[in-house]
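Here is protein-v7.txt, consisting of compact mmCIF, C-alpha atoms and all ligand atoms:
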```txt
# COMPACT_ATOMS: atom_id res chain seq x y z
CA MET A 148 60.97 117.60 116.74
CA ASN A 149 59.72 121.18 117.01
CA ILE A 150 57.85 122.20 120.11
CA PRO A 151 54.12 121.54 119.66
CA PHE A 152 52.29 124.37 117.91
CA THR A 153 50.03 124.56 120.97
CA MET A 154 53.07 125.74 122.98
CA LEU A 155 53.83 128.63 120.62
CA PRO A 156 53.21 132.07 122.14
CA GLY A 157 50.52 134.19 120.51
CA SER A 158 53.09 136.27 118.60
CA VAL A 159 54.38 133.24 116.67
CA ILE A 160 52.66 131.36 113.88
CA THR A 161 54.04 128.72 111.58
CA ASP A 162 53.36 129.03 107.91
CA GLU A 163 54.79 128.03 104.56
CA GLY A 164 57.35 130.44 103.23
CA GLN A 165 58.94 130.65 99.79
CA GLY A 166 59.75 127.33 98.19
CA HIS A 167 57.11 125.82 100.49
CA LEU A 168 59.73 125.82 103.25
CA PRO A 169 58.44 125.84 106.84
CA ARG A 170 58.74 129.29 108.37
CA PHE A 171 57.90 131.07 111.65
CA THR A 172 56.23 134.43 111.34
CA VAL A 173 56.88 136.43 114.50
CA ALA A 174 54.86 139.54 115.24
CA PRO A 175 55.06 141.03 118.73
CA LYS A 176 53.73 144.61 118.72
CA THR A 177 57.28 145.94 118.26
CA CYS A 178 58.22 144.26 114.97
CA GLY A 179 57.59 141.67 112.29
CA SER A 180 60.06 138.90 111.52
CA HIS A 181 60.38 135.70 109.49
CA ILE A 182 62.64 132.79 110.37
CA TYR A 183 62.94 129.63 108.27
CA LEU A 184 63.77 126.27 109.83
CA HIS A 185 66.09 125.78 106.83
CA GLY A 186 69.38 127.13 108.17
CA ALA A 187 67.54 128.72 111.15
CA HIS A 188 67.56 131.57 108.67
CA VAL A 189 66.26 135.00 109.68
CA THR A 190 65.04 136.50 106.40
CA HIS A 191 62.98 139.46 107.61
CA TRP A 192 63.00 141.93 110.48
CA GLN A 193 61.03 145.16 110.43
CA PRO A 194 60.76 147.14 113.67
CA SER A 195 57.51 149.10 114.00
CA GLY A 196 57.66 152.44 112.22
CA HIS A 197 60.62 151.49 110.01
CA ALA A 198 61.14 149.97 106.56
CA PRO A 199 62.40 146.36 106.40
CA VAL A 200 66.01 146.12 107.61
CA LEU A 201 67.22 142.83 106.12
CA TRP A 202 67.76 142.26 102.40
CA VAL A 203 66.91 139.07 100.47
CA SER A 204 67.60 138.61 96.76
CA ARG A 205 64.55 138.33 94.53
CA GLN A 206 66.49 135.50 92.88
CA SER A 207 67.29 133.58 96.05
CA ALA A 208 66.84 129.84 96.03
CA PHE A 209 64.56 128.44 98.70
CA ALA A 210 65.52 124.80 98.45
CA GLY A 211 66.85 122.24 100.87
CA ASP A 212 70.40 121.99 99.54
CA LYS A 213 71.03 125.70 98.88
CA PRO A 214 71.55 128.67 101.24
CA ILE A 215 69.03 131.49 101.15
CA ARG A 216 70.67 134.58 99.57
CA GLY A 217 70.17 137.34 102.08
CA GLY A 218 68.83 137.75 105.61
CA VAL A 219 71.28 136.23 108.11
CA PRO A 220 73.04 133.09 106.83
CA LEU A 221 74.79 131.21 109.64
CA CYS A 222 78.38 130.45 108.61
CA PHE A 223 79.55 127.58 110.87
CA PRO A 224 81.78 125.66 111.62
CA TRP A 225 84.00 127.28 108.97
CA PHE A 226 83.94 130.60 107.08
CA GLY A 227 84.62 130.83 103.35
CA ALA A 228 86.27 127.78 101.81
CA LYS A 229 87.10 124.86 104.14
CA ALA A 230 90.87 124.96 104.62
CA ASP A 231 91.43 121.20 104.28
CA ASP A 232 88.69 120.32 101.78
CA ALA A 233 88.12 122.38 98.63
CA SER A 234 85.02 120.31 97.84
CA ALA A 235 83.27 121.28 101.09
CA PRO A 236 80.45 123.85 100.86
CA MET A 237 81.37 127.52 101.25
CA HIS A 238 80.71 128.94 104.72
CA GLY A 239 80.16 125.62 106.44
CA LEU A 240 77.10 123.46 107.04
CA ALA A 241 74.77 125.40 109.36
CA ARG A 242 73.09 127.60 106.73
CA THR A 243 71.84 124.61 104.72
CA ALA A 244 71.15 122.35 107.69
CA GLU A 245 67.69 121.59 109.03
CA TRP A 246 67.02 123.10 112.44
CA GLN A 247 64.17 122.75 114.89
CA LEU A 248 62.51 125.08 117.37
CA ARG A 249 63.23 124.05 120.95
CA GLU A 250 61.67 126.96 122.83
CA ALA A 251 59.67 130.12 122.21
CA HIS A 252 58.95 132.84 124.78
CA GLU A 253 57.55 136.38 124.89
CA ARG A 254 59.65 138.84 126.88
CA ASN A 255 59.19 142.63 127.23
CA ASP A 256 57.42 143.19 123.90
CA ALA A 257 59.86 140.88 122.14
CA THR A 258 59.65 137.24 121.11
CA GLN A 259 62.55 134.86 121.67
CA LEU A 260 62.98 131.65 119.71
CA VAL A 261 65.67 129.05 120.42
CA PHE A 262 66.71 126.85 117.50
CA VAL A 263 68.86 123.73 117.64
CA PRO A 264 70.13 121.61 114.74
CA ARG A 265 68.12 118.47 113.99
CA GLU A 266 69.71 115.28 115.24
CA ALA A 267 70.80 114.24 111.74
CA VAL A 268 72.95 117.35 111.32
CA GLY A 269 75.37 115.97 113.89
CA THR A 270 76.24 113.09 111.54
CA LYS A 271 77.27 115.38 108.65
CA ALA A 272 80.94 115.14 107.70
CA GLY A 273 82.62 118.28 109.04
CA TRP A 274 80.06 119.03 111.75
CA PRO A 275 81.91 119.24 115.08
CA GLN A 276 81.21 116.13 117.11
CA HIS A 277 80.23 116.69 120.74
CA ALA A 278 79.27 120.31 120.06
CA ALA A 279 75.99 121.49 121.60
CA VAL A 280 74.81 124.32 119.31
CA GLU A 281 71.89 126.71 119.70
CA PHE A 282 70.85 129.84 117.85
CA ILE A 283 68.75 132.29 119.85
CA VAL A 284 66.77 134.99 118.04
CA THR A 285 65.07 137.76 120.01
CA ALA A 286 62.86 139.82 117.71
CA GLY A 287 61.48 143.09 119.02
CA SER A 288 62.35 146.77 118.71
CA HIS A 289 65.90 145.42 118.41
CA LEU A 290 67.00 142.22 116.67
CA GLU A 291 69.26 140.17 118.90
CA MET A 292 70.94 137.01 117.59
CA GLU A 293 73.18 134.71 119.65
CA PHE A 294 75.05 131.67 118.34
CA ARG A 295 76.14 129.58 121.31
CA VAL A 296 78.43 126.54 121.23
CA VAL A 297 79.28 124.23 124.16
CA ASN A 298 82.13 121.72 123.88
CA GLN A 299 80.65 118.56 125.41
CA GLY A 300 83.58 116.44 124.26
CA GLN A 301 86.89 115.48 125.77
CA SER A 302 89.14 117.32 123.29
CA PRO A 303 89.47 120.94 122.14
CA LEU A 304 86.86 122.16 119.62
CA ARG A 305 87.87 124.83 117.06
CA TYR A 306 85.37 126.63 114.84
CA GLU A 307 84.66 129.80 112.89
CA ILE A 308 81.32 131.56 113.06
CA ALA A 309 79.78 134.47 111.14
CA LEU A 310 76.29 135.95 111.39
CA HIS A 311 76.44 136.97 107.72
CA THR A 312 73.85 139.77 107.89
CA TYR A 313 72.57 141.40 104.67
CA PHE A 314 71.15 144.91 105.15
CA THR A 315 68.82 146.80 102.81
CA VAL A 316 70.24 150.18 101.76
CA SER A 317 68.99 152.95 99.48
CA ASP A 318 72.15 152.82 97.33
CA VAL A 319 75.45 151.34 98.50
CA ARG A 320 77.24 154.17 96.66
CA HIS A 321 75.61 156.72 98.97
CA ILE A 322 76.03 155.14 102.42
CA GLU A 323 78.89 155.08 104.90
CA ILE A 324 79.82 152.67 107.67
CA SER A 325 81.62 153.83 110.81
CA GLY A 326 83.33 151.58 113.34
CA THR A 327 86.34 150.35 111.36
CA GLU A 328 88.20 153.63 110.95
CA GLY A 329 91.98 153.16 110.99
CA LEU A 330 91.76 149.36 111.39
CA LYS A 331 93.91 146.83 109.59
CA TYR A 332 91.99 144.34 107.45
CA PHE A 333 92.51 141.56 104.93
CA ASP A 334 91.26 142.76 101.55
CA LYS A 335 89.88 139.64 99.85
CA VAL A 336 89.57 141.44 96.50
CA ALA A 337 93.22 142.61 96.46
CA GLN A 338 94.33 139.53 98.43
CA GLU A 339 96.50 141.59 100.77
CA GLU A 340 96.60 143.15 104.23
CA ARG A 341 95.63 146.84 104.21
CA GLN A 342 94.76 149.59 106.68
CA GLN A 343 91.62 151.71 106.47
CA GLU A 344 92.12 155.46 106.56
CA ASP A 345 90.81 157.26 109.63
CA ALA A 346 87.40 157.86 108.05
CA PRO A 347 84.11 155.94 107.69
CA LEU A 348 84.02 153.30 104.94
CA ARG A 349 82.41 154.37 101.67
CA PHE A 350 81.89 152.09 98.66
CA THR A 351 83.39 152.68 95.21
CA GLY A 352 83.81 149.08 94.00
CA GLU A 353 83.69 145.41 95.03
CA THR A 354 84.38 145.39 98.74
CA ASP A 355 85.26 142.28 100.75
CA ARG A 356 87.08 143.07 103.99
CA MET A 357 87.87 140.91 107.03
CA TYR A 358 88.74 143.00 110.12
CA ASN A 359 90.27 140.93 112.93
CA GLY A 360 90.70 141.89 116.58
CA THR A 361 87.80 144.34 116.67
CA GLN A 362 84.85 144.46 119.08
CA SER A 363 83.62 147.78 117.70
CA THR A 364 80.01 148.66 117.02
CA CYS A 365 79.42 149.50 113.36
CA VAL A 366 76.93 152.15 112.32
CA LEU A 367 75.54 152.18 108.77
CA ARG A 368 74.37 155.69 107.86
CA ASP A 369 71.84 155.74 105.02
CA ALA A 370 70.63 159.26 104.19
CA GLY A 371 68.54 157.87 101.33
CA LEU A 372 66.42 155.81 103.73
CA LYS A 373 66.77 158.47 106.43
CA ARG A 374 68.08 155.96 108.96
CA GLU A 375 71.07 154.62 110.79
CA ILE A 376 71.46 150.88 111.46
CA ARG A 377 73.59 150.13 114.54
CA VAL A 378 75.29 146.72 114.70
CA GLU A 379 76.51 146.18 118.24
CA LYS A 380 78.16 142.89 119.22
CA SER A 381 79.57 140.83 122.06
CA GLY A 382 81.75 137.73 121.95
CA SER A 383 82.87 138.71 118.45
CA ASN A 384 86.38 139.78 117.48
CA SER A 385 85.92 139.92 113.71
CA THR A 386 83.83 142.07 111.42
CA VAL A 387 83.38 141.30 107.71
CA ILE A 388 82.03 143.91 105.29
CA TRP A 389 80.97 142.91 101.78
CA ASN A 390 79.35 144.23 98.64
CA PRO A 391 79.84 142.21 95.41
CA TRP A 392 79.47 145.22 93.06
CA ILE A 393 78.65 144.74 89.38
CA ASP A 394 80.79 141.87 88.05
CA LYS A 395 80.49 139.54 91.04
CA ALA A 396 76.72 140.14 91.24
CA ARG A 397 76.40 139.09 87.60
CA LYS A 398 78.29 135.86 88.31
CA MET A 399 75.96 134.75 91.12
CA PRO A 400 72.86 132.90 89.85
CA ASP A 401 70.92 133.70 93.04
CA PHE A 402 71.70 137.42 92.94
CA GLY A 403 70.03 139.84 90.51
CA ASP A 404 72.45 141.66 88.21
CA GLU A 405 71.24 145.06 89.43
CA GLU A 406 70.63 144.13 93.07
CA TRP A 407 74.13 144.99 94.30
CA THR A 408 73.21 148.65 94.80
CA GLY A 409 70.52 147.81 97.36
CA MET A 410 72.48 145.82 99.92
CA VAL A 411 75.55 145.59 102.09
CA CYS A 412 76.75 142.90 104.51
CA ILE A 413 78.06 143.76 107.97
CA GLU A 414 78.94 140.41 109.50
CA THR A 415 79.38 139.71 113.21
CA ALA A 416 82.01 136.99 113.35
CA ASN A 417 84.94 135.11 114.78
CA VAL A 418 86.91 134.10 111.69
CA GLY A 419 90.52 133.59 110.60
CA SER A 420 92.90 134.42 113.44
CA ASP A 421 89.84 135.03 115.67
CA ALA A 422 88.53 131.45 115.29
CA ILE A 423 87.24 130.08 118.60
CA THR A 424 88.84 127.12 120.39
CA LEU A 425 86.81 125.65 123.25
CA GLN A 426 88.41 123.38 125.79
CA PRO A 427 86.20 120.51 127.07
CA GLY A 428 83.24 121.94 128.97
CA GLN A 429 83.80 125.50 127.72
CA SER A 430 81.17 127.50 125.85
CA HIS A 431 81.15 130.66 123.72
CA ALA A 432 78.39 132.95 122.47
CA THR A 433 78.69 135.22 119.43
CA ARG A 434 76.05 137.95 119.66
CA ALA A 435 74.77 140.72 117.37
CA ILE A 436 72.32 143.39 118.53
CA ILE A 437 70.82 145.39 115.65
CA GLN A 438 68.90 148.64 116.12
CA VAL A 439 67.50 151.23 113.72
CA ARG A 440 67.27 154.98 114.32
CA ARG A 441 65.64 157.60 112.13
CA ILE A 442 67.93 160.50 111.07
O1 LIG B 501 81.40 137.44 103.66
C1 LIG B 501 81.88 137.79 102.39
C2 LIG B 501 82.02 136.52 101.55
O2 LIG B 501 82.95 135.64 102.11
C3 LIG B 501 82.36 136.94 100.13
O3 LIG B 501 83.68 136.56 99.80
C4 LIG B 501 81.31 136.23 99.27
O4 LIG B 501 81.76 134.96 98.89
C5 LIG B 501 80.15 136.19 100.26
O5 LIG B 501 80.75 135.84 101.49
C6 LIG B 501 78.99 135.30 99.87
O6 LIG B 501 79.37 133.95 99.91
P1 LIG B 501 78.29 132.88 99.39
O7 LIG B 501 78.93 131.56 99.60
O8 LIG B 501 77.05 133.06 100.22
O9 LIG B 501 78.04 133.25 97.94
```

What's the C-alpha cells form of this structure?
Ligand code: TA6
Amino acid sequence: MNIPFTMLPGSVITDEGQGHLPRFTVAPKTCGSHIYLHGAHVTHWQPSGHAPVLWVSRQSAFAGDKPIRGGVPLCFPWFGAKADDASAPMHGLARTAEWQLREAHERNDATQLVFVPREAVGTKAGWPQHAAVEFIVTAGSHLEMEFRVVNQGQSPLRYEIALHTYFTVSDVRHIEISGTEGLKYFDKVAQEERQQEDAPLRFTGETDRMYNGTQSTCVLRDAGLKREIRVEKSGSNSTVIWNPWIDKARKMPDFGDEEWTGMVCIETANVGSDAITLQPGQSHATRAIIQVRRI
C-alpha cells in the first residue's frame, strides 16, 4: 500500500496522469517531475529555467500491460529479449509492474521518493525470488535515480538492469555525445563488435550500441536547444545509446513516424557481460545523475 497521502511532503501531490494512471507530481522549487506508479516510471523532469529534459512519445500507451514509451523505463531483471524464453516480454518485468511509494522526503530543495514493487510482482514468472528491490528518485536541480537490489536468498542472484532514459533533443542529426570515444561496443544494427573512432558520437542512421566495461560520464551537446545534458553514473559498467531512425520508428505503434528526430536514449546499465551477480546478503545500486547546463 502507498504511504498515506497525509504523509506526503508539500512538494508531492498525487493525481491522475494519462490513461487515468495514478501519478505523483513532484514540484520542489528547483524542478517539476512526474512519476507513474506503473513501472515506477519517471516521465517528466524539468529543472527550473530549462526546457523539459525527458522525452515521451505522443503515441505512447498508458495502459497496465504496456510500457510507457519514453521517460525512464526500468529494464529489469533482463535487458532486451530473455535469453531462455523468447515469449517473455522485452526488457524484463519492472517497467510494466505495479509499484508503490514507500517513502517520500524533502532534502536540500529536492524531493526524494522511494518506490518498491507491489507484493504481487514477486510472484511473476521470471521475477527474481528473494530479491529486495527499490527504486529511489531524487528530483531537484539534478535528477538522481538509483535502482538497488539486495539478495535476501541463499543462492546467487544474477540480473541485468538498465535505466533506459529517453532525452529530448532539438534534432538527433545535429547533436553529439561524448564519453564513448574510442570504446569497443556491440552494434545491434550490424550485429557485430566494433570500435568507435576517437571522436564524439554523431548520428547518421539507426544507432543501437551497447558499450561494456565503461563507467564514463556521457555529455549530450545540443546546440539547437542551447544546452548540454550530463549523464553521470555510479555502479554501472554499461552504457547503451539508441535512436531508431526512420524505418524502425515507423514499425513501432507507440512511436510517431516523425518523432525519431526529437529523441535519443543514453542508458545507464549493467547488461550483457556486465550483468550483476549478487551472493547471498550482497546488494548493488545502479545510479544515474542527470544535470543540464546552458551553453
Ligand atoms: O536500448 C535499445 C533497445 O534495446 C533497442 O534495441 C530497442 O529495442 C529499444 O531498446 C526499445 O525497446 P522497446 O522494447 O522499449 O521497444

Selection within 9 Å of ligand LIG 501 (chain B) by only C-alpha atoms and all ligand atoms, output as a PyMOL selection string: chain A and resi 214-217+220+222+226-228+236-238+309+311-312+335-336+354-357+387-391+395+399+401+412-414

Save out the residues we just selected, C-alpha atoms, as a PDB file, in the frame of the given file.
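See part.pdb below for the written result:
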```
ATOM      1  CA  PRO A 214      71.550 128.670 101.240  1.00  0.00           C
ATOM      2  CA  ILE A 215      69.030 131.490 101.150  1.00  0.00           C
ATOM      3  CA  ARG A 216      70.670 134.580  99.570  1.00  0.00           C
ATOM      4  CA  GLY A 217      70.170 137.340 102.080  1.00  0.00           C
ATOM      5  CA  PRO A 220      73.040 133.090 106.830  1.00  0.00           C
ATOM      6  CA  CYS A 222      78.380 130.450 108.610  1.00  0.00           C
ATOM      7  CA  PHE A 226      83.940 130.600 107.080  1.00  0.00           C
ATOM      8  CA  GLY A 227      84.620 130.830 103.350  1.00  0.00           C
ATOM      9  CA  ALA A 228      86.270 127.780 101.810  1.00  0.00           C
ATOM     10  CA  PRO A 236      80.450 123.850 100.860  1.00  0.00           C
ATOM     11  CA  MET A 237      81.370 127.520 101.250  1.00  0.00           C
ATOM     12  CA  HIS A 238      80.710 128.940 104.720  1.00  0.00           C
ATOM     13  CA  ALA A 309      79.780 134.470 111.140  1.00  0.00           C
ATOM     14  CA  HIS A 311      76.440 136.970 107.720  1.00  0.00           C
ATOM     15  CA  THR A 312      73.850 139.770 107.890  1.00  0.00           C
ATOM     16  CA  LYS A 335      89.880 139.640  99.850  1.00  0.00           C
ATOM     17  CA  VAL A 336      89.570 141.440  96.500  1.00  0.00           C
ATOM     18  CA  THR A 354      84.380 145.390  98.740  1.00  0.00           C
ATOM     19  CA  ASP A 355      85.260 142.280 100.750  1.00  0.00           C
ATOM     20  CA  ARG A 356      87.080 143.070 103.990  1.00  0.00           C
ATOM     21  CA  MET A 357      87.870 140.910 107.030  1.00  0.00           C
ATOM     22  CA  VAL A 387      83.380 141.300 107.710  1.00  0.00           C
ATOM     23  CA  ILE A 388      82.030 143.910 105.290  1.00  0.00           C
ATOM     24  CA  TRP A 389      80.970 142.910 101.780  1.00  0.00           C
ATOM     25  CA  ASN A 390      79.350 144.230  98.640  1.00  0.00           C
ATOM     26  CA  PRO A 391      79.840 142.210  95.410  1.00  0.00           C
ATOM     27  CA  LYS A 395      80.490 139.540  91.040  1.00  0.00           C
ATOM     28  CA  MET A 399      75.960 134.750  91.120  1.00  0.00           C
ATOM     29  CA  ASP A 401      70.920 133.700  93.040  1.00  0.00           C
ATOM     30  CA  CYS A 412      76.750 142.900 104.510  1.00  0.00           C
ATOM     31  CA  ILE A 413      78.060 143.760 107.970  1.00  0.00           C
ATOM     32  CA  GLU A 414      78.940 140.410 109.500  1.00  0.00           C
TER      33      GLU A 414
END
```

Who sits within 9 Å of A:Ser317, all atoms listed in the file, same chain under 6 positions skipped, as an NGL selection string: :A and (369-372 or 408-410)

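Atom pair atom CA of A:Val296 / atom CA of A:Arg170 has a distance of 23.7 Å (rounded to one decimal).
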
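Distance check against A:Thr177 using all atoms listed in the file: of A:Arg205, A:Arg440, A:Lys213, A:His289, the minimum falls on A:His289.
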
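In terms of minimum interatomic distance to A:Ile393, A:Arg320 ranks closest within A:Arg320, A:Arg349, A:Arg295, A:Arg242, counting all atoms listed in the file.
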
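If only C-alpha atoms are the atoms counted, then among A:Gly329, A:Ser207, A:Arg374, A:Ala198 the closest residue to A:Pro400 is A:Ser207.
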
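If you measure from each of A:His321, A:His191, A:Arg434, A:His167 to A:Thr351 using only C-alpha atoms, the closest one turns out to be A:His321.
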
Atom-to-atom span, atom CA of A:Ala432 and atom CA of A:Thr327, Å: 22.1 Å

Gap from atom CA of A:Leu290 to atom CA of A:Arg377 - Å, one decimal: 10.5 Å

From A:Ala396, A:Val316, A:Val263, A:Ala416, residue lying nearest A:Leu201 [only C-alpha atoms]: A:Val316

Expected residue set, 8 Å radius at (68.6, 118.0, 113.3), only C-alpha atoms, as a PyMOL selection string: chain A and resi 244-247+263-269

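Residues in contact range of A:Ile160, defined as at most 10 Å between all atoms listed in the file, with sequence neighbours fewer than 6 positions away removed, read Phe152, Arg170, Phe171, Thr172, Val173, Ala174 and His181 of chain A.
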
Within 10 Å of A:Lys331 using only C-alpha atoms, minus same-chain residues under 2 positions, as a VMD selection string: chain A and resid 327 to 329 333 to 334 340 to 344 356 to 361
